[in-house]
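Source file: final_9.cif; contents: mmCIF, C-alpha atoms.
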data_my_file
#
loop_
_atom_site.label_atom_id
_atom_site.label_comp_id
_atom_site.auth_asym_id
_atom_site.auth_seq_id
_atom_site.Cartn_x
_atom_site.Cartn_y
_atom_site.Cartn_z
CA MET A 1 0.00 0.00 0.00
CA THR A 2 1.23 3.51 -0.84
CA ALA A 3 2.33 5.47 2.20
CA MET A 4 -0.26 7.97 3.41
CA THR A 5 0.13 11.32 5.07
CA SER A 6 -0.77 11.43 8.73
CA LEU A 7 -4.02 13.22 7.96
CA GLN A 8 -4.99 10.67 5.30
CA ARG A 9 -4.14 7.85 7.70
CA VAL A 10 -6.30 9.30 10.48
CA LEU A 11 -9.24 10.10 8.19
CA THR A 12 -9.17 6.57 6.79
CA THR A 13 -9.31 4.98 10.23
CA LEU A 14 -12.07 7.41 11.27
CA GLY A 15 -14.03 5.98 8.34
CA HIS A 16 -13.59 2.53 9.92
CA GLN A 17 -11.34 1.38 7.12
CA GLU A 18 -7.75 0.21 7.18
CA PRO A 19 -5.08 2.79 6.25
CA ASP A 20 -1.45 1.92 5.46
CA ARG A 21 -0.70 1.50 9.17
CA VAL A 22 -2.28 2.07 12.56
CA PRO A 23 -2.19 5.81 13.37
CA PHE A 24 -0.61 6.73 16.68
CA PHE A 25 -0.75 9.90 18.76
CA LEU A 26 2.05 10.59 21.25
CA LEU A 27 0.34 13.23 23.36
CA VAL A 28 3.49 14.71 24.85
CA THR A 29 2.63 18.05 26.38
CA MET A 30 5.64 18.63 28.66
CA HIS A 31 8.55 16.90 26.92
CA GLY A 32 9.05 19.92 24.67
CA ALA A 33 10.18 21.95 27.69
CA ARG A 34 13.08 19.58 28.26
CA GLU A 35 13.85 19.57 24.55
CA LEU A 36 14.15 23.38 24.56
CA GLY A 37 15.94 23.54 27.91
CA LEU A 38 13.17 25.57 29.56
CA SER A 39 11.30 25.37 32.84
CA MET A 40 7.63 24.46 32.58
CA SER A 41 6.49 28.01 33.30
CA GLU A 42 8.91 29.41 30.69
CA TYR A 43 7.91 26.82 28.11
CA PHE A 44 4.19 27.50 28.45
CA SER A 45 4.64 31.28 28.58
CA ARG A 46 4.80 31.57 24.78
CA GLY A 47 2.97 29.92 21.93
CA ASP A 48 6.08 29.67 19.76
CA HIS A 49 7.82 27.62 22.46
CA VAL A 50 5.03 25.05 22.51
CA ALA A 51 4.78 24.97 18.72
CA GLU A 52 8.51 24.33 18.43
CA GLY A 53 8.34 21.63 21.10
CA GLN A 54 5.50 19.87 19.32
CA LEU A 55 7.21 20.06 15.93
CA ARG A 56 10.45 18.66 17.35
CA MET A 57 8.68 15.80 19.11
CA ARG A 58 6.87 14.81 15.93
CA ALA A 59 10.07 15.05 13.89
CA ARG A 60 11.75 12.70 16.37
CA TYR A 61 9.04 10.07 16.81
CA GLY A 62 7.00 10.34 13.61
CA HIS A 63 3.60 10.22 15.26
CA ASP A 64 0.43 11.30 13.50
CA CYS A 65 -0.67 14.56 15.13
CA LEU A 66 0.34 17.85 16.65
CA TYR A 67 -1.28 18.66 19.98
CA THR A 68 -2.05 22.22 21.10
CA PHE A 69 -2.84 21.35 24.73
CA PHE A 70 -0.83 23.37 27.27
CA TYR A 71 -2.33 22.40 30.66
CA ALA A 72 -5.88 21.99 31.99
CA SER A 73 -5.98 25.11 34.15
CA LEU A 74 -5.09 27.39 31.23
CA GLU A 75 -8.80 27.84 30.52
CA THR A 76 -9.48 28.92 34.09
CA GLU A 77 -6.90 31.68 33.72
CA ALA A 78 -9.31 33.29 31.25
CA TRP A 79 -11.85 33.33 34.09
CA GLY A 80 -9.39 35.04 36.46
CA MET A 81 -7.87 32.04 38.26
CA LYS A 82 -4.18 31.33 38.84
CA THR A 83 -2.06 28.39 37.73
CA LEU A 84 0.55 26.68 39.90
CA PHE A 85 3.54 25.33 37.95
CA ARG A 86 5.98 22.59 38.80
CA ASP A 87 8.95 21.35 36.81
CA ASP A 88 8.36 17.61 37.10
CA GLY A 89 4.70 17.37 36.12
CA PRO A 90 1.59 19.13 34.90
CA ALA A 91 0.46 22.51 36.18
CA ASN A 92 -2.47 22.69 38.59
CA ALA A 93 -5.29 25.17 39.10
CA GLY A 94 -5.01 27.58 42.00
CA ALA A 95 -7.82 28.60 44.35
CA PRO A 96 -11.33 28.00 42.94
CA LEU A 97 -13.13 30.83 41.21
CA VAL A 98 -16.32 30.38 43.23
CA GLN A 99 -15.68 31.11 46.91
CA ARG A 100 -19.05 32.24 48.29
CA ARG A 101 -22.69 31.33 47.94
CA GLY A 102 -24.23 33.34 45.14
CA ASP A 103 -20.98 33.72 43.16
CA ILE A 104 -22.19 31.34 40.45
CA MET A 105 -25.12 33.50 39.42
CA ARG A 106 -22.80 36.49 38.99
CA LEU A 107 -20.46 34.68 36.59
CA THR A 108 -20.34 35.59 32.91
CA PRO A 109 -18.19 33.89 30.28
CA PRO A 110 -14.90 35.62 29.46
CA ASP A 111 -14.20 37.05 26.02
CA VAL A 112 -11.98 34.49 24.30
CA SER A 113 -10.42 37.14 22.07
CA ARG A 114 -9.19 39.18 25.05
CA ALA A 115 -7.66 36.42 27.21
CA PRO A 116 -3.82 36.41 27.08
CA ALA A 117 -3.61 32.78 28.18
CA LEU A 118 -5.79 31.65 25.31
CA LYS A 119 -3.93 33.78 22.79
CA LYS A 120 -0.79 31.73 23.48
CA VAL A 121 -2.59 28.59 22.35
CA LEU A 122 -3.94 30.29 19.25
CA ASP A 123 -0.42 31.49 18.41
CA ALA A 124 0.94 27.95 18.80
CA THR A 125 -1.87 26.54 16.67
CA SER A 126 -1.28 29.06 13.91
CA ILE A 127 2.46 28.33 13.81
CA MET A 128 1.85 24.58 13.65
CA LYS A 129 -0.63 25.05 10.82
CA GLN A 130 1.88 27.14 8.87
CA LYS A 131 4.48 24.39 9.27
CA VAL A 132 2.46 21.25 8.48
CA GLY A 133 -0.48 22.50 6.40
CA ASP A 134 -2.77 19.55 5.72
CA GLU A 135 -0.12 16.87 6.14
CA ALA A 136 -1.04 16.10 9.76
CA PRO A 137 -4.03 16.79 12.01
CA ILE A 138 -3.66 19.52 14.62
CA ILE A 139 -5.65 18.61 17.72
CA GLY A 140 -7.09 21.49 19.75
CA VAL A 141 -8.45 20.98 23.24
CA VAL A 142 -11.35 22.26 25.36
CA MET A 143 -12.56 21.34 28.80
CA SER A 144 -16.19 20.29 28.63
CA PRO A 145 -18.77 22.59 30.24
CA PHE A 146 -19.72 19.65 32.45
CA SER A 147 -16.15 19.04 33.70
CA LEU A 148 -14.70 22.56 33.89
CA PRO A 149 -16.56 23.27 37.19
CA VAL A 150 -14.22 20.85 39.00
CA MET A 151 -11.61 23.63 38.80
CA GLN A 152 -14.04 26.55 39.03
CA LEU A 153 -15.68 25.32 42.26
CA GLY A 154 -13.39 22.61 43.59
CA PHE A 155 -14.22 18.93 43.33
CA GLU A 156 -16.31 18.52 46.48
CA ASN A 157 -18.34 21.68 45.96
CA TYR A 158 -19.11 20.76 42.38
CA LEU A 159 -20.24 17.25 43.27
CA ASN A 160 -22.47 18.72 45.97
CA LEU A 161 -23.96 21.09 43.41
CA LEU A 162 -24.61 18.20 41.02
CA LEU A 163 -26.18 15.98 43.65
CA GLU A 164 -28.14 18.34 45.88
CA GLY A 165 -27.48 21.92 44.86
CA ASP A 166 -29.72 24.64 43.42
CA PRO A 167 -30.84 23.55 39.92
CA ALA A 168 -30.87 27.18 38.77
CA GLU A 169 -27.23 27.63 39.78
CA LEU A 170 -26.21 24.42 38.02
CA ASP A 171 -28.06 25.36 34.86
CA HIS A 172 -26.50 28.83 34.82
CA LEU A 173 -23.01 27.43 35.32
CA LEU A 174 -23.37 24.83 32.57
CA ARG A 175 -24.87 27.37 30.15
CA ILE A 176 -22.13 29.96 30.55
CA ASN A 177 -19.47 27.27 30.36
CA GLU A 178 -21.09 26.04 27.15
CA GLU A 179 -20.90 29.49 25.59
CA PHE A 180 -17.25 29.78 26.57
CA CYS A 181 -16.44 26.27 25.33
CA VAL A 182 -18.00 26.83 21.91
CA ALA A 183 -16.27 30.18 21.42
CA TRP A 184 -12.93 28.77 22.57
CA ALA A 185 -13.18 25.68 20.37
CA ASN A 186 -14.11 27.65 17.28
CA ALA A 187 -11.31 30.16 17.86
CA GLN A 188 -8.89 27.23 17.79
CA VAL A 189 -10.45 25.91 14.59
CA GLN A 190 -10.09 29.32 12.98
CA ALA A 191 -6.42 29.38 14.04
CA GLY A 192 -5.81 26.05 12.28
CA ALA A 193 -6.95 23.18 14.50
CA THR A 194 -8.21 20.21 12.46
CA ALA A 195 -10.24 18.68 15.28
CA ILE A 196 -11.15 19.35 18.90
CA CYS A 197 -10.57 17.06 21.86
CA TYR A 198 -13.44 17.59 24.30
CA PHE A 199 -12.07 16.57 27.70
CA ASP A 200 -14.94 15.37 29.84
CA PRO A 201 -13.75 13.16 32.71
CA ILE A 202 -16.81 13.85 34.88
CA SER A 203 -18.94 12.07 32.25
CA SER A 204 -17.07 8.81 32.86
CA THR A 205 -18.76 5.90 34.59
CA SER A 206 -15.91 6.25 37.10
CA MET A 207 -17.35 9.60 38.18
CA VAL A 208 -21.13 9.91 37.84
CA SER A 209 -24.19 7.72 37.49
CA ALA A 210 -25.91 7.04 34.21
CA ASP A 211 -28.80 9.24 35.33
CA LEU A 212 -26.60 12.27 36.06
CA TYR A 213 -24.75 11.81 32.80
CA LYS A 214 -27.92 11.60 30.73
CA ARG A 215 -29.54 14.56 32.48
CA HIS A 216 -26.51 16.82 32.29
CA GLY A 217 -23.29 15.57 30.66
CA LEU A 218 -24.86 14.13 27.52
CA VAL A 219 -27.31 17.01 27.07
CA VAL A 220 -24.50 19.56 27.34
CA ALA A 221 -22.21 17.56 25.04
CA ARG A 222 -24.85 17.28 22.32
CA ARG A 223 -25.56 21.00 22.42
CA THR A 224 -21.92 21.97 22.55
CA LEU A 225 -20.45 19.61 19.95
CA ALA A 226 -23.19 20.51 17.47
CA ARG A 227 -21.91 24.10 17.52
CA ILE A 228 -18.19 23.33 17.19
CA GLN A 229 -17.03 23.83 13.63
CA ALA A 230 -14.78 20.75 13.45
CA PRO A 231 -14.88 17.01 14.23
CA ALA A 232 -14.59 16.21 17.92
CA ALA A 233 -13.22 13.49 20.15
CA VAL A 234 -14.58 12.94 23.65
CA HIS A 235 -11.82 12.04 26.08
CA LEU A 236 -12.60 10.84 29.59
CA ALA A 237 -9.00 11.22 30.86
CA SER A 238 -8.51 7.65 32.10
CA GLY A 239 -12.15 7.24 33.13
CA ARG A 240 -14.14 4.14 32.22
CA CYS A 241 -16.69 4.36 29.42
CA ILE A 242 -17.64 0.93 28.10
CA GLU A 243 -21.15 1.06 29.58
CA ARG A 244 -21.60 4.53 28.10
CA LEU A 245 -20.43 3.96 24.52
CA ASP A 246 -23.90 4.14 22.94
CA ASP A 247 -24.61 7.45 24.68
CA LEU A 248 -21.18 8.80 23.79
CA ALA A 249 -21.90 8.00 20.16
CA LEU A 250 -25.05 10.13 20.45
CA SER A 251 -23.01 13.11 21.67
CA GLY A 252 -21.80 13.86 18.15
CA ALA A 253 -18.20 12.82 18.76
CA ALA A 254 -16.35 10.69 16.23
CA VAL A 255 -13.65 9.42 18.64
CA VAL A 256 -13.56 8.34 22.27
CA GLY A 257 -10.47 8.22 24.47
CA VAL A 258 -10.65 5.01 26.51
CA SER A 259 -9.31 3.76 29.83
CA THR A 260 -6.57 1.22 30.38
CA ASP A 261 -8.86 -0.25 33.07
CA GLU A 262 -11.20 -1.70 30.44
CA ASP A 263 -10.78 -4.48 27.89
CA LEU A 264 -9.63 -2.94 24.61
CA ALA A 265 -10.95 -5.75 22.44
CA GLU A 266 -14.40 -5.45 24.01
CA LEU A 267 -14.34 -1.67 23.63
CA LYS A 268 -13.50 -2.06 19.94
CA ARG A 269 -16.33 -4.56 19.38
CA LYS A 270 -18.90 -2.34 21.08
CA ALA A 271 -17.72 0.82 19.31
CA ALA A 272 -17.38 -0.74 15.85
CA GLY A 273 -18.92 1.47 13.17
CA LYS A 274 -19.95 4.13 15.71
CA LEU A 275 -16.82 5.50 17.36
CA THR A 276 -13.12 5.32 16.69
CA ILE A 277 -11.18 4.15 19.74
CA LEU A 278 -8.23 6.23 20.99
CA GLY A 279 -5.94 4.60 23.53
CA ASN A 280 -5.15 2.83 25.73
CA LEU A 281 -1.50 2.51 26.76
CA ASN A 282 -1.08 2.90 30.51
CA GLY A 283 0.69 6.24 31.01
CA ILE A 284 1.71 5.46 34.59
CA GLU A 285 3.22 2.10 33.71
CA MET A 286 5.00 3.71 30.75
CA CYS A 287 7.21 5.52 33.27
CA ARG A 288 8.97 2.24 34.10
CA TRP A 289 8.66 0.28 30.84
CA THR A 290 11.66 -1.26 29.18
CA PRO A 291 11.75 -1.04 25.37
CA ALA A 292 10.66 -4.69 25.23
CA GLU A 293 7.69 -4.00 27.50
CA ALA A 294 6.71 -1.01 25.39
CA GLU A 295 6.79 -3.11 22.25
CA ALA A 296 4.72 -5.87 23.87
CA ALA A 297 2.06 -3.36 25.01
CA VAL A 298 1.84 -1.78 21.55
CA LYS A 299 1.63 -5.17 19.86
CA GLN A 300 -1.16 -6.31 22.18
CA ALA A 301 -3.16 -3.11 21.68
CA ILE A 302 -2.90 -3.39 17.89
CA GLN A 303 -3.90 -7.05 18.04
CA HIS A 304 -7.01 -6.23 20.08
CA ALA A 305 -8.19 -3.08 18.30
CA GLY A 306 -6.31 -2.60 15.04
CA PRO A 307 -8.10 -4.89 12.57
CA GLY A 308 -10.70 -3.10 10.46
CA GLY A 309 -9.53 0.43 11.23
CA GLY A 310 -11.37 2.58 13.75
CA PHE A 311 -8.38 2.62 16.11
CA ILE A 312 -5.71 5.21 16.99
CA LEU A 313 -3.00 4.04 19.37
CA SER A 314 -2.32 6.49 22.18
CA ASP A 315 -2.00 6.70 25.94
CA ASN A 316 -5.09 6.31 28.08
CA HIS A 317 -5.13 9.76 29.71
CA GLY A 318 -4.56 12.26 26.93
CA GLU A 319 -1.23 13.44 28.40
CA ILE A 320 1.91 11.33 28.62
CA PRO A 321 3.68 11.84 31.99
CA PHE A 322 6.88 13.88 31.97
CA GLN A 323 8.67 10.91 33.58
CA VAL A 324 8.20 8.71 30.48
CA SER A 325 11.64 8.44 28.93
CA GLU A 326 12.63 9.23 25.36
CA ASP A 327 13.73 5.59 24.99
CA THR A 328 10.21 4.44 25.83
CA LEU A 329 8.58 6.90 23.45
CA GLN A 330 10.96 5.76 20.71
CA ALA A 331 10.18 2.11 21.48
CA VAL A 332 6.44 2.83 21.13
CA ALA A 333 7.00 4.56 17.81
CA ASP A 334 9.23 1.75 16.50
CA ALA A 335 6.73 -0.90 17.60
CA VAL A 336 3.86 0.79 15.75
CA ARG A 337 5.90 0.85 12.57
CA ARG A 338 6.87 -2.79 13.05
CA TRP A 339 3.50 -4.25 14.05
CA GLY A 340 0.96 -1.71 12.80
CA ARG A 341 1.24 -2.03 9.03
CA TYR A 342 -1.92 -3.21 7.31
CA PRO A 343 -3.00 -5.85 6.55
CA LEU A 344 -2.48 -7.11 10.10
CA ASP A 345 -2.15 -10.73 9.04
CA TRP A 346 -0.06 -11.60 12.06
CA THR A 347 -2.99 -10.93 14.42
CA CYS A 348 -4.76 -14.01 13.07
CA HIS A 349 -2.03 -16.23 14.51
CA ALA A 350 -1.13 -14.32 17.68
CA PRO A 351 -1.90 -16.08 20.97
#
Can you turn what I pasted into structure tokens?
Amino acid sequence: MTAMTSLQRVLTTLGHQEPDRVPFFLLVTMHGARELGLSMSEYFSRGDHVAEGQLRMRARYGHDCLYTFFYASLETEAWGMKTLFRDDGPANAGAPLVQRRGDIMRLTPPDVSRAPALKKVLDATSIMKQKVGDEAPIIGVVMSPFSLPVMQLGFENYLNLLLEGDPAELDHLLRINEEFCVAWANAQVQAGATAICYFDPISSTSMVSADLYKRHGLVVARRTLARIQAPAAVHLASGRCIERLDDLALSGAAVVGVSTDEDLAELKRKAAGKLTILGNLNGIEMCRWTPAEAEAAVKQAIQHAGPGGGFILSDNHGEIPFQVSEDTLQAVADAVRRWGRYPLDWTCHAP
């Protein structure tokens, strides 16, 4: 088979057909800082730093996307919150936005075009687009309106609002987050993003009941994704989803990021023809893998989910830990090229 571009490869597998090889996304968000010799706060202070880091990582490993994600709390900076940086892992959100009763009803969505934190991402996206054109997909990221309140309110306060809080406050919060999410996603698309990853861990079966998801998470996702001007992937950030696949397919997403805690072969069977599976290498275990262990994990994932297309190999969380070594990342990339070329005839004889 003639070699495809990364974008052609991904589009083919999204159509549930077999491309030239299994696409793989190395979602390295922090490794570029080490590559450029910068601290995390310095690296994420400028869009051109992140763009250069992403371009260098892809040049080294040959994976099939560029990823514009900085860190989760970047969105909350647009709302007036602070971010706490560390040099050995991802940044964290500072004190919650909502501190007192009644604060929710006074919130209004920030203007995406006037938020310096968001402009950095748009700058990075634009630079990446100029460099790769249509050769590879550029993946933008938004926090879902249903999951963003974990940082805005704090985890406990948000769960209390979901379970027993004022319905008017919850509705207001979800609505203003939806407006922000749509504007932010579409700004990234206009800057050059090919698709949007809609991070929604609260919608996982690991987090909320089916009833809460159907009443809130799914309703919000369907409204929001319908207004985003690009294809979308729903990512549950390590959360389980197998019991929710039919509902996730109704959300309007084309891809779902899946957990390492669930059986990949079963996920692929249940998602066949409805959703492309993204995952599910264990990011925590990757920190201590040998090259041989990395190859074995890649081979097993391809065996379980590769046949027939509809599968993109990646980590299970949507962000590879900073502690994962370059040798391991290279071993993953080499294993995909060795075992991921279609047709996957070897999978018929694998134990």
>> Applying 10 Å and all atoms listed in the file, which residues near Lys274 (chain A) remain after dropping the ones on its own chain fewer than 4 positions away? List them as a ChimeraX atom specification.
In response: /A:14-16,245-246,248-250,253-255,268,270,310
> When distances are computed from all atoms listed in the file, which of A:Cys197, A:Ala210, A:Met105, A:Ile202 shows the smallest separation from Ala230 (chain A)?
Replying inline: A:Cys197
>> Could you list, as number ranges by chain, every residue within 9 Å of Asn92 (chain A), counting all atoms listed in the file and ignoring same-chain residues fewer than 6 positions away?
In response: A: 71-73, 82-86
>> As a check of understanding, name the residues that the PyMOL selection byres ((chain A and resi 174-177) around 9) selects in the supplied structure, as a ChimeraX atom specification.
In response: /A:107-109,144-146,148-149,169-173,178-182,216,220
Could you build a table of the residues in region 63-136 of chain A lying no more than 8 Å from region 183-194 of chain A, giving for each the nearest pair of atoms and their separation in Å rounded to one decimal place, using only C-alpha atoms, ordered by chain and ascending residue number, as a tab-separated table?
residue	atom	partner	partner_atom	distance
A:Val112	CA	A:Trp184	CA	6.1
A:Val121	CA	A:Gln188	CA	7.9
A:Leu122	CA	A:Ala191	CA	5.8
A:Asp123	CA	A:Ala191	CA	7.7
A:Thr125	CA	A:Gly192	CA	5.9
A:Ser126	CA	A:Ala191	CA	5.2
A:Met128	CA	A:Gly192	CA	7.9
A:Lys129	CA	A:Gly192	CA	5.5
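Using the PyMOL selection byres ((chain A and resi 299) around 9) on this structure selects Ala294, Glu295, Ala296, Ala297, Val298, Gln300, Ala301, Ile302, Gln303, His304, Ala335, Val336, Arg338, Trp339 and Gly340 of chain A.
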Keeping C-alpha atoms, export the residues of the selection given above as a PDB file, in the frame of the given file.
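The new file part.pdb reads:
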ATOM      1  CA  ALA A 294       6.710  -1.010  25.390  1.00  0.00           C
ATOM      2  CA  GLU A 295       6.790  -3.110  22.250  1.00  0.00           C
ATOM      3  CA  ALA A 296       4.720  -5.870  23.870  1.00  0.00           C
ATOM      4  CA  ALA A 297       2.060  -3.360  25.010  1.00  0.00           C
ATOM      5  CA  VAL A 298       1.840  -1.780  21.550  1.00  0.00           C
ATOM      6  CA  GLN A 300      -1.160  -6.310  22.180  1.00  0.00           C
ATOM      7  CA  ALA A 301      -3.160  -3.110  21.680  1.00  0.00           C
ATOM      8  CA  ILE A 302      -2.900  -3.390  17.890  1.00  0.00           C
ATOM      9  CA  GLN A 303      -3.900  -7.050  18.040  1.00  0.00           C
ATOM     10  CA  HIS A 304      -7.010  -6.230  20.080  1.00  0.00           C
ATOM     11  CA  ALA A 335       6.730  -0.900  17.600  1.00  0.00           C
ATOM     12  CA  VAL A 336       3.860   0.790  15.750  1.00  0.00           C
ATOM     13  CA  ARG A 338       6.870  -2.790  13.050  1.00  0.00           C
ATOM     14  CA  TRP A 339       3.500  -4.250  14.050  1.00  0.00           C
ATOM     15  CA  GLY A 340       0.960  -1.710  12.800  1.00  0.00           C
TER      16      GLY A 340
END
>> Ranking A:Trp289, A:Leu7, A:Asp263, A:Asp334 by minimum distance to Asp20 (chain A) and counting only C-alpha atoms, which one comes first?
In response: A:Leu7
